[in-house]
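Trainee: This is the structure, below, for whatever I ask next.
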Amino acid sequence: MATTNTTTIHYTTTGSVRGECGHWHRSLRGAIRCIERDQKGCRGQGGYSDRCVARISGQAGEAIRIEPLTDEERDAADEIRLAIQNGEMR
Ligand SMILES: [Zn+2]
């Protein structure tokens with residue numbers, strides 16, 4: 001198998017109550033939309049989702065790490081969330 005140093009970053013969502021969504025989102029936006037879907041589902045049952053976005057570094061099938069977002073990613077995530085709230089992004 002060819003080895004490269006490129007690490008692919010994916011995003012997932014995780015919370016101590018709700019656990020992980022199990023997806024490998026290719027974008028922050030995808031992960032944020034996943035949380036919103038989860039929150040809607042939880043609200044429907046009178047609860048809430050404690051999931052937040054985390055990053056996955058590593059390749060499928062290899063040892064992967066789930067890490068908190070970097071400051072930059074957190075800022076980007078805030079912007080995406082605002083844009084979705086304002087209807088500028090779907
Ligand atoms: Zn997800």
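Ordering of the structure tokens sets the chain letters (A, B, ...), residue numbers begin anew at 1 in every chain, and ligands are numbered from 1 in the order given.
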Just the helix (DSSP H, G or I) stuff from chain A, please, per backbone DSSP, written as a PyMOL selection string.
Mentor: chain A and resi 28-44+71-85
Trainee: Could you please extract the residues within 6 Å of ligand 1, counting only C-alpha atoms and all ligand atoms, and hand them back as a compact mmCIF listing (two decimals) with N, CA and C atoms, in the first residue's frame?
Mentor:
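So the final result, stored in result.txt, reads:
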# COMPACT_ATOMS: atom_id res chain seq x y z
N THR A 12 -16.92 14.74 12.48
CA THR A 12 -18.01 13.94 13.00
C THR A 12 -18.68 14.76 14.08
N THR A 13 -19.74 14.23 14.65
CA THR A 13 -20.37 14.95 15.76
C THR A 13 -20.48 13.97 16.92
N CYS A 21 -22.36 10.46 15.83
CA CYS A 21 -23.33 10.20 14.77
C CYS A 21 -22.84 9.07 13.86
N HIS A 23 -20.94 9.31 11.27
CA HIS A 23 -20.63 9.74 9.90
C HIS A 23 -19.20 10.27 9.83
N ALA A 31 -21.33 18.52 8.94
CA ALA A 31 -21.41 18.11 10.34
C ALA A 31 -22.40 18.98 11.09
N CYS A 34 -25.82 18.01 10.32
CA CYS A 34 -26.11 16.75 10.99
C CYS A 34 -26.57 17.02 12.43
Trainee: What parts of chain A does DSSP call strand (DSSP E)? I'd like the answer as a list in words.
Mentor: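 Answer for chain A, restricted to strand (DSSP E): Ile9, His10, Tyr11, Thr12, Thr13, Thr14, Cys52, Val53, Ala54, Arg55, Ile56, Ser57, Arg65, Ile66 and Glu67 of chain A.
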Trainee: Generate the output file for the selected residues, C-alpha atoms, as a PDB file, in the first residue's frame.
Mentor:
ATOM      1  CA  ILE A   9      -9.565  15.597   7.810  1.00  0.00           C
ATOM      2  CA  HIS A  10     -13.140  14.636   8.262  1.00  0.00           C
ATOM      3  CA  TYR A  11     -15.677  15.803  10.762  1.00  0.00           C
ATOM      4  CA  THR A  12     -18.007  13.941  13.004  1.00  0.00           C
ATOM      5  CA  THR A  13     -20.372  14.947  15.764  1.00  0.00           C
ATOM      6  CA  THR A  14     -20.223  13.620  19.267  1.00  0.00           C
ATOM      7  CA  CYS A  52     -20.901  19.062  18.919  1.00  0.00           C
ATOM      8  CA  VAL A  53     -18.567  18.926  15.959  1.00  0.00           C
ATOM      9  CA  ALA A  54     -15.234  17.157  16.307  1.00  0.00           C
ATOM     10  CA  ARG A  55     -12.554  16.486  13.739  1.00  0.00           C
ATOM     11  CA  ILE A  56     -11.346  13.078  12.665  1.00  0.00           C
ATOM     12  CA  SER A  57      -7.791  12.880  11.477  1.00  0.00           C
ATOM     13  CA  ARG A  65      -7.990  10.368  16.235  1.00  0.00           C
ATOM     14  CA  ILE A  66     -11.049  12.325  17.197  1.00  0.00           C
ATOM     15  CA  GLU A  67     -10.001  15.762  18.311  1.00  0.00           C
TER      16      GLU A  67
END
Trainee: Just give me the gap between atom CA of A:Ile80 and atom CA of A:Arg29 in Å, one decimal is fine.
Mentor: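 The value is 6.5 Å.
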Trainee: Which residue, A:Glu62, A:Glu36, A:Asp50, A:Glu20, has the smallest gap to A:Gln85 when you use only C-alpha atoms?
Mentor: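 Between A:Glu62, A:Glu36, A:Asp50, A:Glu20, the residue approaching A:Gln85 most closely is A:Glu36.
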Trainee: Using atom CA of A:Gly41 and atom CA of A:Asp78 as the two end points, give the distance in Å to one decimal.
Mentor: 21.5 Å
Trainee: I'd like the interatomic distance between atom CA of A:Arg26 and atom CA of A:Glu73, to a tenth of an Å.
Mentor: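 Distance between the two atoms: 13.2 Å.
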Trainee: Which polymer residues have any atom within 8 Å of an atom of A:Ser49, counting only C-alpha atoms, with same-chain residues fewer than 3 positions away left out, as a ChimeraX atom specification?
Mentor: /A:15,17-18,35,38-39,42
Trainee: Those residues with N, CA and C atoms, as an mmCIF file, in the first residue's frame please?
Mentor:
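So result.cif came out as:
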data_model
loop_
_atom_site.group_PDB
_atom_site.id
_atom_site.type_symbol
_atom_site.label_atom_id
_atom_site.label_comp_id
_atom_site.auth_asym_id
_atom_site.auth_seq_id
_atom_site.Cartn_x
_atom_site.Cartn_y
_atom_site.Cartn_z
ATOM 1 N N GLY A 15 -21.322 13.623 21.398
ATOM 2 C CA GLY A 15 -21.784 14.192 22.662
ATOM 3 C C GLY A 15 -21.811 13.088 23.705
ATOM 4 N N VAL A 17 -23.997 12.358 25.880
ATOM 5 C CA VAL A 17 -25.299 11.708 26.015
ATOM 6 C C VAL A 17 -25.699 11.033 24.703
ATOM 7 N N ARG A 18 -25.589 11.776 23.614
ATOM 8 C CA ARG A 18 -26.061 11.273 22.329
ATOM 9 C C ARG A 18 -25.050 10.364 21.640
ATOM 10 N N ILE A 35 -25.884 17.956 13.112
ATOM 11 C CA ILE A 35 -26.278 18.306 14.477
ATOM 12 C C ILE A 35 -27.680 18.906 14.482
ATOM 13 N N ASP A 38 -30.172 16.286 14.229
ATOM 14 C CA ASP A 38 -30.254 15.540 15.483
ATOM 15 C C ASP A 38 -31.026 16.344 16.521
ATOM 16 N N GLN A 39 -30.782 17.660 16.542
ATOM 17 C CA GLN A 39 -31.473 18.501 17.514
ATOM 18 C C GLN A 39 -32.964 18.523 17.250
ATOM 19 N N CYS A 42 -34.375 15.316 18.496
ATOM 20 C CA CYS A 42 -34.413 15.259 19.962
ATOM 21 C C CYS A 42 -35.524 16.143 20.505
#
